[in-house]
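Asks: Below are the structure tokens for one structure; questions will follow.
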Amino acid sequence: MLKVGLSGNIGSGKSLVSKIFETLNIPVYHSDDRAKYILDKPEIISELKKLFGNEIIDAYGKPDKKKIARIVFNNSEKLSDLNNVIHPAVLKDFEAWITDQGRSSYVVMESAILFETGFSKLFDKIIVVTAPENIRIQRVLKRDHVAEEDITKRIKNQMTDEAKARQSDFLIVNDNKEPVIPQVLKIHQTLSVL
């Protein structure tokens, strides 16, 4: 079974592309969603308390993701510490998930930070979704209702579109001009016969 990484910066349209693959009956592992689930595991909560203190735990004993985000997106060292806890757990979860995916010719892992984590080396093929920064910012403002300043901080913590595109096998341009579905279908046809 072919392993395909799907990446792109915040607001690029990875989720849209993932939904198209799912419509084509291709299993998609959503690493952000799985990471949120993994954050609630007791062994991970224990590690987070050691890293950030008890103040990041909410009244229900769960990690307060917004508090953690405020800490890590203002401190690259703390972001690295968080990643060193979460990324190995996500990778282990992904490997277990693959075994449940049956006879699909390929599976996709959606991850904004596929390259930054080093996960990109684990995939047979890489797809990168790109969009101009101003469009990405507008999408995230509309979707997440957060301050533009917070979005630009996150963007600064990610590799550039150009750097990701250089390391990809397939590029999807999601600039509100070029239709996305035909681009995904073309990639799907190629991947299905590999």
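Chain labels follow the order of the structure tokens: the first chain is A, the next B, and so on; residue numbering restarts at 1 in every chain, and ligands are counted from 1 in their shown order.
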Could you name the residues that touch segment 173-186 of chain A at 6 Å or less, counting only C-alpha atoms, but leaving out those on the same chain fewer than 2 positions away, as number ranges by chain?
Replies: A: 129-131, 188-189
Asks: Residues of segment 48-131 of chain A classed as strand (DSSP E or B) by DSSP on the backbone are to be reported as a PyMOL selection string.
Replies: chain A and resi 57+63+106-110+125-130
Asks: Kindly provide the residues of segment 87-176 of chain A that approach segment 4-26 of chain A to within 7 Å, each paired with its closest atom pair and their distance in Å to one decimal, based on only C-alpha atoms, listed by chain and increasing number, as a tab-separated table.
Replies:
residue	atom	partner	partner_atom	distance
A:Ser104	CA	A:Ile26	CA	6.7
A:Tyr106	CA	A:Ile26	CA	6.9
A:Val107	CA	A:Val4	CA	6.0
A:Val108	CA	A:Val4	CA	4.7
A:Met109	CA	A:Gly5	CA	5.0
A:Glu110	CA	A:Leu6	CA	4.6
A:Ser111	CA	A:Ser7	CA	5.2
A:Ala112	CA	A:Ser7	CA	5.0
A:Ile113	CA	A:Ser7	CA	6.9
A:Leu114	CA	A:Ser7	CA	6.1
A:Ser120	CA	A:Gly5	CA	6.7
A:Phe123	CA	A:Val4	CA	5.5
A:Asp124	CA	A:Val4	CA	5.9
A:Lys125	CA	A:Val4	CA	4.9
A:Ile126	CA	A:Gly5	CA	4.7
A:Ile127	CA	A:Leu6	CA	4.8
A:Val128	CA	A:Ser7	CA	4.8
A:Val129	CA	A:Gly8	CA	4.7
A:Thr130	CA	A:Ser12	CA	5.4
A:Ala131	CA	A:Ser12	CA	5.2
A:Arg136	CA	A:Gly11	CA	4.3
A:Ile137	CA	A:Gly11	CA	6.6
A:Arg139	CA	A:Gly11	CA	5.7
A:Val140	CA	A:Gly11	CA	5.5
A:Ile155	CA	A:Ile10	CA	6.9
A:Gln158	CA	A:Asn9	CA	6.8
A:Asp161	CA	A:Asn9	CA	6.9
A:Asn174	CA	A:Gly13	CA	6.7
Asks: Print the selection's residues with C-alpha atoms to a file, as a PDB file, in the first residue's frame.
Replies:
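Saved result, result.pdb, follows:
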ATOM      1  CA  SER A 104      -6.910   0.643  -0.763  1.00  0.00           C
ATOM      2  CA  TYR A 106      -2.914   4.103  -1.276  1.00  0.00           C
ATOM      3  CA  VAL A 107      -3.585   6.057   1.912  1.00  0.00           C
ATOM      4  CA  VAL A 108      -3.098   9.750   2.629  1.00  0.00           C
ATOM      5  CA  MET A 109      -1.814  11.491   5.756  1.00  0.00           C
ATOM      6  CA  GLU A 110      -2.870  15.135   5.925  1.00  0.00           C
ATOM      7  CA  SER A 111      -0.391  17.233   7.915  1.00  0.00           C
ATOM      8  CA  ALA A 112       0.438  20.935   7.807  1.00  0.00           C
ATOM      9  CA  ILE A 113       3.915  20.221   9.164  1.00  0.00           C
ATOM     10  CA  LEU A 114       4.842  17.078   7.242  1.00  0.00           C
ATOM     11  CA  SER A 120       7.971  13.498   4.760  1.00  0.00           C
ATOM     12  CA  PHE A 123       6.103   8.642   2.415  1.00  0.00           C
ATOM     13  CA  ASP A 124       6.268   7.231  -1.080  1.00  0.00           C
ATOM     14  CA  LYS A 125       4.781  10.386  -2.612  1.00  0.00           C
ATOM     15  CA  ILE A 126       4.087  13.917  -1.362  1.00  0.00           C
ATOM     16  CA  ILE A 127       1.296  16.282  -2.418  1.00  0.00           C
ATOM     17  CA  VAL A 128       1.518  19.968  -1.501  1.00  0.00           C
ATOM     18  CA  VAL A 129      -1.421  22.372  -1.625  1.00  0.00           C
ATOM     19  CA  THR A 130      -0.498  26.019  -2.163  1.00  0.00           C
ATOM     20  CA  ALA A 131      -2.353  29.320  -2.122  1.00  0.00           C
ATOM     21  CA  ARG A 136      -4.797  31.872   3.198  1.00  0.00           C
ATOM     22  CA  ILE A 137      -5.060  34.596   5.838  1.00  0.00           C
ATOM     23  CA  ARG A 139      -9.676  31.855   4.802  1.00  0.00           C
ATOM     24  CA  VAL A 140      -8.346  31.349   8.323  1.00  0.00           C
ATOM     25  CA  ILE A 155       2.633  31.219   9.152  1.00  0.00           C
ATOM     26  CA  GLN A 158       5.859  27.014   8.853  1.00  0.00           C
ATOM     27  CA  ASP A 161       5.046  27.194   0.055  1.00  0.00           C
ATOM     28  CA  ASN A 174      -5.836  26.456  -4.629  1.00  0.00           C
TER      29      ASN A 174
END
Asks: Determine which residues of segment 96-129 of chain A DSSP labels as helix (DSSP H, G or I) from the backbone of this structure, then write them out as a list of chain:residue names.
Replies: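 Matching residues, listed in order: A:Ala96, A:Trp97, A:Ile98, A:Phe119, A:Ser120, A:Lys121, A:Leu122.
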Asks: Extract, using only C-alpha atoms, all DNA, RNA and protein residues at most 12 Å from Asp64 of chain A, discarding same-chain residues fewer than 3 positions from it, and format them as a PyMOL selection string.
Replies: chain A and resi 36+39-40+45+48-49+52-61+67-71
Asks: In Å, rounded to a single decimal, give me how far atom CA of Val85 of chain A is from atom CA of Ala35 of chain A.
Replies: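 Distance between the two atoms: 10.4 Å.
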